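Everything on this sheet refers to the single structure shown next.
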Amino acid sequence: MDTERLARNRCVVTETWRVTYLPPLRDPVRTIGRRRFDFDRQVVVMGIVNRTPDSFFDPGRTYPLDRAVAAALTASDADADWIDIGGVPFSPDTPEVTVAEEIERVVPVVERVAAASDIVISVDTFRPEVASRCIAAGAAVINDTTGLHDPELADVVAEQGASVVITHSLALPRQHHDRPQYSDVITDIKAFLAERVQLAVDHGVPESRIVIDPGHDLNKNTLHTLELTRRLAEVADLGLPMLVAVSNKDFIGEATGLPLGDRMPPSIAAATICVLNGARILRMHDIAATVAAARMIEAVMGFREAAYLHHNI
């Protein structure tokens, strides 16, 4: 095997077998909120708290404030490093939520979780007003699933010293994008993310506070998303830590034929494939199972030592 090509691709290999891909991260060691991460040697698990009555996965389960806070702290106790709090579903088929309603939903959760835990808190929002209030309340990251559709959001992140997740999605916020078409799904995603990263930098957000998300299923059909998962290393080549959100999504159901309640095993399989192709942050519903999978992946990749050694020793 061509050793120069191996060095260029930064593959971990055993003899001639490619085991995994190590993305060429420019700023792998980061302090986010009150935690420090090394994305060259770490897989981070992000939990999900939807303070909405109409989430696709658990409609209304964490809508009451006490349940939302409890879910975030339970995720922390289960060794999640990060919790993502949302007050507005991505789907445009849910009722409109005003800015004031979104703030009322998410800010109290942020405040209470930040007071009780050092877990990294991100808020899933595309609105600058909501982002500003949440950062002031203790959120360290804004997770914008619209890919900085509103450049003012980048200004808020820059001015308040937060980090931002920039996600690939084509539609306007909460709008349908029927029958999405791509000349080449990976090339198009990379170009979009590179352009939006530059937009953030131009607005004062340093690269060291930017995470990318290729947007599994967002304005993509299942064939697009499966190809994205196969070729994810090409997106990771952008050199920024990459988050993936694959848990229980439609492409999991369509690929396997499984109903929503049975999709966790294939979700973890998809997440594992993503890590082996350069993802470093997993946004997942089942924290305990994902943390266990992440620790195993880290051990196989040589990022961590085994918990103990007994077998045949």
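Please note that chains go A, B, ... in the order of the structure tokens, that every chain numbers its residues from 1, and that ligands are numbered from 1 in the order shown.
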Quiz prompt | Residue neighbourhood Leu243 in chain A, 12 Å, only C-alpha atoms, exclusion window fewer than 4 positions, as a ChimeraX atom specification | solution = /A:39,43-46,82,84,143-145,164-168,210-216,232,235-236,271,274-275,277-284
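Residues in contact with Ala307 in chain A at 12 Å, where only C-alpha atoms are counted and same-chain residues fewer than 4 positions away are skipped, are listed as A:Ala292, A:Arg295, A:Met296, A:Glu298, A:Ala299.
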Now that the selection is made, can you save its residues with N, CA and C atoms as a PDB file, in the first residue's frame?
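Result went into result.pdb, see below:
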ATOM      1  N   ALA A 292     -21.660   3.489  25.738  1.00  0.00           N
ATOM      2  CA  ALA A 292     -20.979   2.199  25.716  1.00  0.00           C
ATOM      3  C   ALA A 292     -20.366   1.938  24.336  1.00  0.00           C
ATOM      4  N   ARG A 295     -17.269   4.202  23.865  1.00  0.00           N
ATOM      5  CA  ARG A 295     -16.082   3.742  24.585  1.00  0.00           C
ATOM      6  C   ARG A 295     -15.442   2.559  23.858  1.00  0.00           C
ATOM      7  N   MET A 296     -16.267   1.681  23.287  1.00  0.00           N
ATOM      8  CA  MET A 296     -15.724   0.552  22.535  1.00  0.00           C
ATOM      9  C   MET A 296     -15.007   1.037  21.276  1.00  0.00           C
ATOM     10  N   GLU A 298     -13.607   3.926  20.814  1.00  0.00           N
ATOM     11  CA  GLU A 298     -12.355   4.560  21.235  1.00  0.00           C
ATOM     12  C   GLU A 298     -11.281   3.523  21.544  1.00  0.00           C
ATOM     13  N   ALA A 299     -11.668   2.404  22.170  1.00  0.00           N
ATOM     14  CA  ALA A 299     -10.701   1.354  22.490  1.00  0.00           C
ATOM     15  C   ALA A 299     -10.151   0.710  21.222  1.00  0.00           C
TER      16      ALA A 299
END
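Take the candidates A:Ala306, A:Val197, A:Asp58, A:Ile121 and check each one against Leu260 in chain A using only C-alpha atoms; the shortest distance goes to A:Asp58.
With only C-alpha atoms as the atoms that count, the minimum distance from Leu240 in chain A to the choices A:Ala255, A:Leu170, A:Ala194, A:Leu218 is reached by A:Ala194.
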Just the residues within 8 Å of Phe251 in chain A, please, counting only C-alpha atoms, with nothing from its chain fewer than 4 positions along; format it as a CSV table (one decimal) with N, CA, C and O atoms, in the first residue's frame.
chain,number,residue,atom,x,y,z
A,217,ASP,N,-30.6,13.4,6.7
A,217,ASP,CA,-32.0,13.5,6.4
A,217,ASP,C,-32.5,14.9,6.2
A,217,ASP,O,-33.7,15.0,5.7
A,221,ASN,N,-33.2,12.8,0.7
A,221,ASN,CA,-33.9,11.6,0.8
A,221,ASN,C,-33.0,10.5,1.4
A,221,ASN,O,-31.8,10.7,1.6
A,222,THR,N,-33.5,9.3,1.6
A,222,THR,CA,-32.8,8.2,2.2
A,222,THR,C,-31.5,7.8,1.4
A,222,THR,O,-30.5,7.5,1.9
A,225,THR,N,-28.9,10.3,2.1
A,225,THR,CA,-28.3,10.2,3.4
A,225,THR,C,-27.4,8.9,3.5
A,225,THR,O,-26.4,8.9,4.2
A,226,LEU,N,-27.8,7.8,2.9
A,226,LEU,CA,-27.0,6.6,2.9
A,226,LEU,C,-25.6,6.9,2.2
A,226,LEU,O,-24.6,6.5,2.7
A,255,ALA,N,-34.2,2.3,5.6
A,255,ALA,CA,-33.2,1.3,5.2
A,255,ALA,C,-33.4,0.0,5.8
A,255,ALA,O,-33.1,-1.1,5.2
Exercise. For CA of Pro24 in chain A and CA of Leu193 in chain A, determine how far apart the two atoms are, in Å to one decimal place.
Key: 16.1 Å
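You can rank A:Asn219, A:Thr146, A:Thr62, A:Thr52 by their closest distance to Gln181 in chain A using only C-alpha atoms, and at the top of that list sits A:Asn219.
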List every residue of range 117-192 of chain A that DSSP, applied to the backbone, labels as strand (DSSP E), and write the result as a PDB file with N, CA and C atoms, in the first residue's frame.
ATOM      1  N   VAL A 120     -21.899  20.307  28.877  1.00  0.00           N
ATOM      2  CA  VAL A 120     -22.000  21.324  27.828  1.00  0.00           C
ATOM      3  C   VAL A 120     -23.464  21.440  27.399  1.00  0.00           C
ATOM      4  N   ILE A 121     -23.947  22.662  27.314  1.00  0.00           N
ATOM      5  CA  ILE A 121     -25.329  22.913  26.911  1.00  0.00           C
ATOM      6  C   ILE A 121     -25.323  23.610  25.552  1.00  0.00           C
ATOM      7  N   SER A 122     -26.021  23.008  24.602  1.00  0.00           N
ATOM      8  CA  SER A 122     -26.271  23.708  23.346  1.00  0.00           C
ATOM      9  C   SER A 122     -27.767  23.903  23.201  1.00  0.00           C
ATOM     10  N   VAL A 123     -28.130  24.906  22.420  1.00  0.00           N
ATOM     11  CA  VAL A 123     -29.543  25.178  22.155  1.00  0.00           C
ATOM     12  C   VAL A 123     -29.761  25.115  20.650  1.00  0.00           C
ATOM     13  N   ASP A 124     -30.735  24.321  20.269  1.00  0.00           N
ATOM     14  CA  ASP A 124     -31.091  24.127  18.866  1.00  0.00           C
ATOM     15  C   ASP A 124     -32.037  25.249  18.460  1.00  0.00           C
ATOM     16  N   VAL A 141     -23.128  26.668  23.365  1.00  0.00           N
ATOM     17  CA  VAL A 141     -23.151  26.390  21.930  1.00  0.00           C
ATOM     18  C   VAL A 141     -24.540  26.690  21.382  1.00  0.00           C
ATOM     19  N   ILE A 142     -24.568  27.229  20.168  1.00  0.00           N
ATOM     20  CA  ILE A 142     -25.808  27.351  19.420  1.00  0.00           C
ATOM     21  C   ILE A 142     -25.749  26.357  18.270  1.00  0.00           C
ATOM     22  N   ASN A 143     -26.754  25.495  18.215  1.00  0.00           N
ATOM     23  CA  ASN A 143     -26.840  24.452  17.192  1.00  0.00           C
ATOM     24  C   ASN A 143     -27.865  24.909  16.155  1.00  0.00           C
ATOM     25  N   ASP A 144     -27.360  25.447  15.046  1.00  0.00           N
ATOM     26  CA  ASP A 144     -28.245  26.041  14.033  1.00  0.00           C
ATOM     27  C   ASP A 144     -28.448  25.063  12.884  1.00  0.00           C
ATOM     28  N   SER A 163     -19.792  28.894  20.968  1.00  0.00           N
ATOM     29  CA  SER A 163     -19.474  28.086  19.793  1.00  0.00           C
ATOM     30  C   SER A 163     -20.750  27.905  18.981  1.00  0.00           C
ATOM     31  N   VAL A 164     -20.575  27.421  17.733  1.00  0.00           N
ATOM     32  CA  VAL A 164     -21.738  27.237  16.868  1.00  0.00           C
ATOM     33  C   VAL A 164     -21.594  25.947  16.081  1.00  0.00           C
ATOM     34  N   VAL A 165     -22.699  25.229  15.927  1.00  0.00           N
ATOM     35  CA  VAL A 165     -22.779  24.087  15.024  1.00  0.00           C
ATOM     36  C   VAL A 165     -23.470  24.564  13.754  1.00  0.00           C
ATOM     37  N   ILE A 166     -22.786  24.419  12.630  1.00  0.00           N
ATOM     38  CA  ILE A 166     -23.324  24.826  11.336  1.00  0.00           C
ATOM     39  C   ILE A 166     -23.739  23.575  10.578  1.00  0.00           C
ATOM     40  N   THR A 167     -25.023  23.484  10.264  1.00  0.00           N
ATOM     41  CA  THR A 167     -25.599  22.280   9.665  1.00  0.00           C
ATOM     42  C   THR A 167     -25.970  22.516   8.214  1.00  0.00           C
TER      43      THR A 167
END
Quiz item: Neighbours of Thr74 in chain A within 10 Å (only C-alpha atoms; same-chain residues fewer than 5 positions away dropped), as number ranges by chain?
Solution: A: 47, 68-69, 79-80, 287
Pick out the residues sitting within 7 Å of Arg196 in chain A, and hand them over as a compact mmCIF listing (two decimals) with N, CA, C and O atoms, in the first residue's frame; count only C-alpha atoms, and ignore anything fewer than 4 positions along from it in its own chain.
# COMPACT_ATOMS: atom_id res chain seq x y z
N GLY A 147 -28.05 26.21 9.07
CA GLY A 147 -26.79 26.57 8.44
C GLY A 147 -26.55 28.06 8.35
O GLY A 147 -26.09 28.57 7.33
N LEU A 148 -26.83 28.78 9.42
CA LEU A 148 -26.66 30.24 9.47
C LEU A 148 -27.44 30.92 8.35
O LEU A 148 -26.95 31.82 7.67
N PHE A 192 -21.40 23.89 0.56
CA PHE A 192 -22.30 24.65 1.43
C PHE A 192 -21.65 24.91 2.78
O PHE A 192 -21.63 26.05 3.28
N ALA A 200 -19.33 32.58 8.92
CA ALA A 200 -19.18 32.72 10.38
C ALA A 200 -17.87 33.39 10.73
O ALA A 200 -17.83 34.29 11.59
Practice problem: Identify, on the basis of only C-alpha atoms, every residue whose closest approach to Glu102 in chain A does not exceed 9 Å; exclude the query and any residue fewer than 3 positions from it along the same chain; express the result as a VMD selection string. | Solution: chain A and resid 86 to 88 97 to 99 105 to 107 125 130
Practice problem: Find the residues around Leu276 in chain A up to 9 Å (only C-alpha atoms counted), leave out those fewer than 5 positions away in its own chain, and share them as a PyMOL selection string. | Solution: chain A and resi 19-22+233+271+297+301
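The closest residue to Lys220 in chain A, picked from A:Pro53, A:Asn248, A:Leu238, A:His176 and counting only C-alpha atoms, is A:His176.
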Practice problem: Rank A:Val156, A:Leu73, A:Met264, A:Cys134 by their smallest atom-to-atom distance to Glu111 in chain A, using only C-alpha atoms, and report the top residue only. | Solution: A:Cys134
Exercise. Once DSSP has gone over the backbone, tell me which residues of range 15-199 of chain A are in alpha helix (DSSP H), as a VMD selection string.
Key: chain A and resid 65 to 77 99 to 116 128 to 137 152 to 160 185 to 199
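Taking CA of Val49 in chain A as the reference point, CA of Ala289 in chain A is found at 16.7 Å.
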